[in-house]
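Beneath this line is the structure, given in structure tokens, with notes to follow.
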Amino acid sequence: CHSTVTVLNNAPPGFPVGDTVVTWTALDPTGHSASCEITVTLKDEEPGRLECAGEMTIDAAADRCGWAGTIEAIARDNCAVDIATLTQERDYAVGVTDVLFTALDPHANESTCTTRLTVRDVTAPAVACPAETGELGTFVGTASDACTATVTLGTLRCEGVGADGAVTEVAGDDCPAMIDTNGARGVSGRRAGPARRLRCEVIGTDPTGNVGRTG
């Protein structure tokens, strides 16, 4: 008997991730049938795509030794319709920080990306050379900076002021001037008065190497 056998199955147009049971059925013209089942297993082994900026550079505000803000990454996946935005919001110190983002898709595939953030300190220390104090005529240089600063005296000299306002440098025993060993104090051998004054240059240096000067 040569007759045509009809073969049918209930397979969906597209298979979702996971197990799908497909039933195959064969029918002959007399109505006899036979069937079998197969299980189709579809695995999602492809990580999602995580997109973030490779590098970012931000200048710290003058009153901060760092930057407080948010860095974002965008996550996409072949098994997800929605696009997810990942954020990391915190305080970042001056210098280089590698910010790592990690995303897991619904089937535990992991993807990562890293943003290298550079926060720069671009503000020089504020320095001051205050008026003399003490019997010897002492200058103490000061410097302030959001990231701290070290203070040194670059130069220190004693000047005489003539009646006509002319300024001359005074040296020797008349008004000796010296920089103290800690580098931030200057002293003269006698107290500066109306006809004498101390002049100094204060240098403030922060950890990044920004330099502020006054004199």
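Simple scheme: letters A, B, ... for chains in structure tokens order, numbers from 1 for residues in each chain, numbers from 1 for ligands in the order shown.
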Inset, instruction - Show which residues sit within 8 Å of Ala53 in chain A, as a count of residues only. Count only C-alpha atoms, and ignore same-chain residues fewer than 3 positions away. - result: 4
For Gly95 in chain A, list every protein, DNA or RNA residue within 7 Å, evaluated using only C-alpha atoms, and leave out those in the same chain fewer than 2 positions away; present the list as a PDB file with N, CA and C atoms, in the first residue's frame.
```
ATOM      1  N   ALA A  93      38.423  60.339  45.421  1.00  0.00           N
ATOM      2  CA  ALA A  93      39.579  61.109  45.860  1.00  0.00           C
ATOM      3  C   ALA A  93      40.367  61.620  44.657  1.00  0.00           C
ATOM      4  N   THR A  97      41.056  56.413  39.903  1.00  0.00           N
ATOM      5  CA  THR A  97      40.206  55.361  40.463  1.00  0.00           C
ATOM      6  C   THR A  97      39.613  54.555  39.320  1.00  0.00           C
ATOM      7  N   THR A 118      39.937  59.982  36.517  1.00  0.00           N
ATOM      8  CA  THR A 118      41.046  60.783  37.028  1.00  0.00           C
ATOM      9  C   THR A 118      40.492  62.091  37.583  1.00  0.00           C
ATOM     10  N   VAL A 119      40.663  62.298  38.880  1.00  0.00           N
ATOM     11  CA  VAL A 119      40.259  63.558  39.519  1.00  0.00           C
ATOM     12  C   VAL A 119      41.521  64.380  39.752  1.00  0.00           C
ATOM     13  N   ARG A 120      41.551  65.573  39.185  1.00  0.00           N
ATOM     14  CA  ARG A 120      42.749  66.404  39.260  1.00  0.00           C
ATOM     15  C   ARG A 120      42.572  67.540  40.272  1.00  0.00           C
TER      16      ARG A 120
END
```
Inset, instruction - Find the residue from A:Leu27, A:Ala11, A:Leu100, A:Val122 that sits nearest to Ala62 in chain A; use only C-alpha atoms when measuring. - result: A:Val122
Legend entry - Residues near Arg199 in chain A, cut-off 7 Å, only C-alpha atoms, skip fewer than 2 positions along chain, as a ChimeraX atom specification: /A:156-158,197,215
Mind writing the picked residues with C-alpha atoms as a CSV table (one decimal), in the first residue's frame?
```csv
chain,number,residue,atom,x,y,z
A,156,LEU,CA,63.7,86.5,53.6
A,157,ARG,CA,65.3,89.9,53.8
A,158,CYS,CA,65.4,93.0,56.0
A,197,ARG,CA,60.7,95.8,57.8
A,215,GLY,CA,56.1,87.9,48.9
```
Inset, instruction - Name the closest residue to Ala108 in chain A among the candidates A:Trp67, A:Ala60, A:Ile203, A:Lys43; distances are taken between atoms, counting only C-alpha atoms. - result: A:Lys43
Inset, instruction - Find the spatial neighbours of Phe101 in chain A, counting only C-alpha atoms, within a cut-off of 9 Å - ignore same-chain residues fewer than 2 positions away - and output them as a PyMOL selection string. - result: chain A and resi 50+52+72-73+86-88+99+103+111-115
Inset, instruction - Among the residues of range 8-203 of chain A, find those DSSP assigns to strand (DSSP E) from the backbone and print them as number ranges by chain. - result: A: 8-9, 18-27, 33-42, 49-52, 55-59, 66-76, 84-93, 95-104, 110-120, 126-128, 138-140, 142-144, 150-161, 167-170, 177-179, 185-188, 196-203
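With only C-alpha atoms as the atoms that count, the residue of A:Gly141, A:Pro29, A:Pro12, A:Gly160 with the shortest distance to Arg213 in chain A is A:Gly141.
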Inset, instruction - Identify, on the basis of only C-alpha atoms, every residue whose closest approach to Gly212 in chain A does not exceed 10 Å; exclude the query and any residue fewer than 3 positions from it along the same chain; express the result as a ChimeraX atom specification. - result: /A:123-128,143-145,149,151,202-206,209
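The nearest approach to Gly154 in chain A among the residues A:Ala34, A:Cys129, A:Val94, A:Leu42, with only C-alpha atoms taken into account, belongs to A:Cys129.
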Legend entry - Given only C-alpha atoms as the counted atoms, nearest of A:Ser35, A:Thr57, A:Thr155, A:Thr25 to Val187 in chain A: A:Thr155
Inset, instruction - With a distance cut-off of 9 Å and only C-alpha atoms, select the neighbouring residues of Pro106 in chain A, excluding the residue or stretch itself and same-chain residues fewer than 3 positions from it, and output the selection as a ChimeraX atom specification. - result: /A:79-80,109
Legend entry - One-decimal distance in Å that lies between CA of Arg185 in chain A and CA of Cys147 in chain A: 21.9 Å
Legend entry - Of the listed residues A:Ala166, A:Ala68, A:Ala171, A:Ile179, that which approaches Thr152 in chain A most closely, counting only C-alpha atoms: A:Ile179
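Rounded to one decimal, CA of Arg64 in chain A and CA of Leu153 in chain A lie 25.5 Å from each other.
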